[in-house]
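K.L.:
Below is a structure I'd like to ask you about.
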Amino acid sequence: MKTGKSNNTTGRMNPTQKHFLDTSVARSKLLGTLAYKQYFESQFADQPLYISNYVQMEIKRSYLINLISFYFVLHLETINNIGDAIALWSNRFKTSELKAILQLIPQLFSIHQLNFSSPQDKEKALSILGIYIKRFELILRRKFNNTNIDSTACARALVSLNVDLKNPVLGLKQFADEFGDVKTCRSKCQIDQFLLVQYRSEISRLVEQASQLPKNTNTRGFINIANNLKEILAVGATACDCKRCEKIGDAVIALDAPRNMRLEHTDNSFDYLCPPINQPHYKHPSENQIVMNVSIENSES
């Protein structure tokens with residue numbers, strides 16, 4: 001099975017190498033196709049894998065919150081069955097959120113042999129989904145080692161999910177409300193100090209580097225990140241909010257990654273973020289590449 005590429009490290013296994021996973025790799029380890037999970041197993045074997053509170057937060061923001069949102073769509077009194085909930089969700093949410101849910105829901109409910117047209121199976125579906133949400137959040141916290149480093153002091157990362165499965169609504173709503181209260185969370189975090197003081201010189205170098213690059217498919221993501229960092233440098237702390245933080249997440253992860261660990265990623269942006277700050281890194285193939293390679297290998301065997 002093919003491995004990824006990196007400008008400054010090799011993909012060969014090193015028993016003493018510690019691995020810090022960016023959000024895309026951590027999420028794929030949990031939610032990827034069987035072929036992709038097997039690829040990462042071949043890469044890391046039994047070596048310890050690390051993530052940070054900030055990476056956990058990004059997975060909660062991009063996946064867990066969307067699961068909870070779907071739960072409350074299904075919970076609506078005007079929604080009679082699973083099929084109606086999926087239809088309403090498809091009309092309300094943007095593509096990335098839609099894709100994540102539509103990958104899971106049909107599979108999860110089909111395993112339990114639920115009828116998507118049956119009003120009687122709606123309550124069963126809510127119960128199953130509540131259990132899945134609680135279990136996923138628990139696995140996210142326990143599957144990986146935590147670096148216990150988050151120089152941003154991200155308050156969203158510290159919002160806890162406490163769900164009583166006999167009455168999941170209250171716990172799920174409290175988590176969604178607290179996680180979504182970006183004004184309060186921002187008032188508690190230190191992202192401005194992180195960007196404007198602790199790593200100001202590194203960010204200035206990244207912005208300068210981006211200004212010299214041609215804009216193409218490989219550089220576009222990094223340049224977009226650098227443009228947001230440039231805005232923060234120009235405007236100051238008021239330019240730092242949770243929405244902006246989402247746009248520069250890869251930079252935050254790279255800057256706060258332990259320098260004694262190799263940052264494992266799939267996004268092109270890290271190829272430009274990591275070398276200037278001397279962060280070891282390795283770019284893995286995308287899920288599509290791995291799945292296609294496996295299909296080709298199987299057809300040739």
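Numbering starts fresh at 1 for the residues of each chain in the structure tokens, the chains themselves are lettered A, B, ... in the order given, and ligands are numbered from 1 as they appear.
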I want to know what sits within 12 Å of Ala100 (chain A), based on only C-alpha atoms, with residues of the same chain fewer than 2 positions away left out; could you give that as a VMD selection string?

P.N.:
chain A and resid 27 to 28 31 to 32 59 61 to 67 69 to 70 89 to 90 93 to 98 102 to 107

K.L.:
Could you name the residues that touch region 243-259 of chain A at 10 Å or less, counting only C-alpha atoms, but leaving out those on the same chain fewer than 2 positions away, as a PyMOL selection string?

P.N.:
chain A and resi 18-23+50-52+54-55+58+61-62+147+149-152+182+191+194-195+198-199+202-203+206+221-222+224-229+231-232+239-241+261-263+265+267+269-270+272-275+277-281

K.L.:
I need the residue nearest Gly83 (chain A) from this list: A:Ser204, A:Ser211, A:Ser118, A:Asn216. Use only C-alpha atoms for the distance.

P.N.:
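Selected residue with least distance to Gly83 (chain A): A:Ser118.
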
K.L.:
I'd like the contact shell of region 162-179 of chain A - 7 Å cut-off, only C-alpha atoms, skipping same-chain residues fewer than 3 positions apart - returned as a PyMOL selection string.

P.N.:
chain A and resi 65+68+130-131+134+156+159

K.L.:
Any chance you can output those residues with N, CA and C atoms as an mmCIF file, in the first residue's frame?

P.N.:
data_model
loop_
_atom_site.group_PDB
_atom_site.id
_atom_site.type_symbol
_atom_site.label_atom_id
_atom_site.label_comp_id
_atom_site.auth_asym_id
_atom_site.auth_seq_id
_atom_site.Cartn_x
_atom_site.Cartn_y
_atom_site.Cartn_z
ATOM 1 N N ILE A 65 -20.994 18.135 16.763
ATOM 2 C CA ILE A 65 -22.054 19.139 16.796
ATOM 3 C C ILE A 65 -23.083 18.879 15.696
ATOM 4 N N ILE A 68 -25.378 16.109 16.805
ATOM 5 C CA ILE A 68 -26.355 16.619 17.770
ATOM 6 C C ILE A 68 -27.426 17.440 17.059
ATOM 7 N N GLY A 130 -28.517 8.817 20.376
ATOM 8 C CA GLY A 130 -28.019 9.329 21.653
ATOM 9 C C GLY A 130 -26.876 8.489 22.195
ATOM 10 N N ILE A 131 -27.024 7.173 22.111
ATOM 11 C CA ILE A 131 -25.969 6.260 22.557
ATOM 12 C C ILE A 131 -24.711 6.448 21.711
ATOM 13 N N LYS A 134 -22.824 9.761 22.610
ATOM 14 C CA LYS A 134 -22.104 9.642 23.881
ATOM 15 C C LYS A 134 -20.879 8.752 23.723
ATOM 16 N N ARG A 156 -13.713 26.312 24.094
ATOM 17 C CA ARG A 156 -14.646 25.371 23.454
ATOM 18 C C ARG A 156 -14.162 23.938 23.654
ATOM 19 N N VAL A 159 -15.493 22.355 26.919
ATOM 20 C CA VAL A 159 -16.921 22.110 27.141
ATOM 21 C C VAL A 159 -17.155 20.605 27.213
#

K.L.:
Hey, what does DSSP flag as strand (DSSP E or B) within region 212-277 of chain A? Can you give it to me as a list of chain:residue names?

P.N.:
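The strand (DSSP E or B) subset of region 212-277 of chain A is A:Arg262, A:Leu263, A:Glu264, A:His265.
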
K.L.:
Keeping C-alpha atoms, export the residues of the selection given above as a PDB file, in the first residue's frame.

P.N.:
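See out.pdb below for the written result:
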ATOM      1  CA  ARG A 262       6.021  14.186  13.817  1.00  0.00           C
ATOM      2  CA  LEU A 263       2.845  15.934  12.713  1.00  0.00           C
ATOM      3  CA  GLU A 264       0.780  13.473  10.654  1.00  0.00           C
ATOM      4  CA  HIS A 265      -1.502  15.187   8.127  1.00  0.00           C
TER       5      HIS A 265
END

K.L.:
Based on DSSP run over this structure's backbone, return all residues of region 27-160 of chain A in helix (DSSP H, G or I), as a ChimeraX atom specification.

P.N.:
/A:27-31,34-44,53-75,82-92,95-111,121-142,156-158

K.L.:
Of the candidates A:Leu34, A:Ile101, A:Met292, A:Leu114, which shows the shortest atom-to-atom distance to Ile82 (chain A), using only C-alpha atoms?

P.N.:
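Closest residue, counting only C-alpha atoms: A:Leu114.
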
K.L.:
Which one of A:Leu30, A:Val25, A:Val291, A:Ala237 sits closest to Phe136 (chain A) if you count only C-alpha atoms?

P.N.:
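Selected residue with least distance to Phe136 (chain A): A:Leu30.
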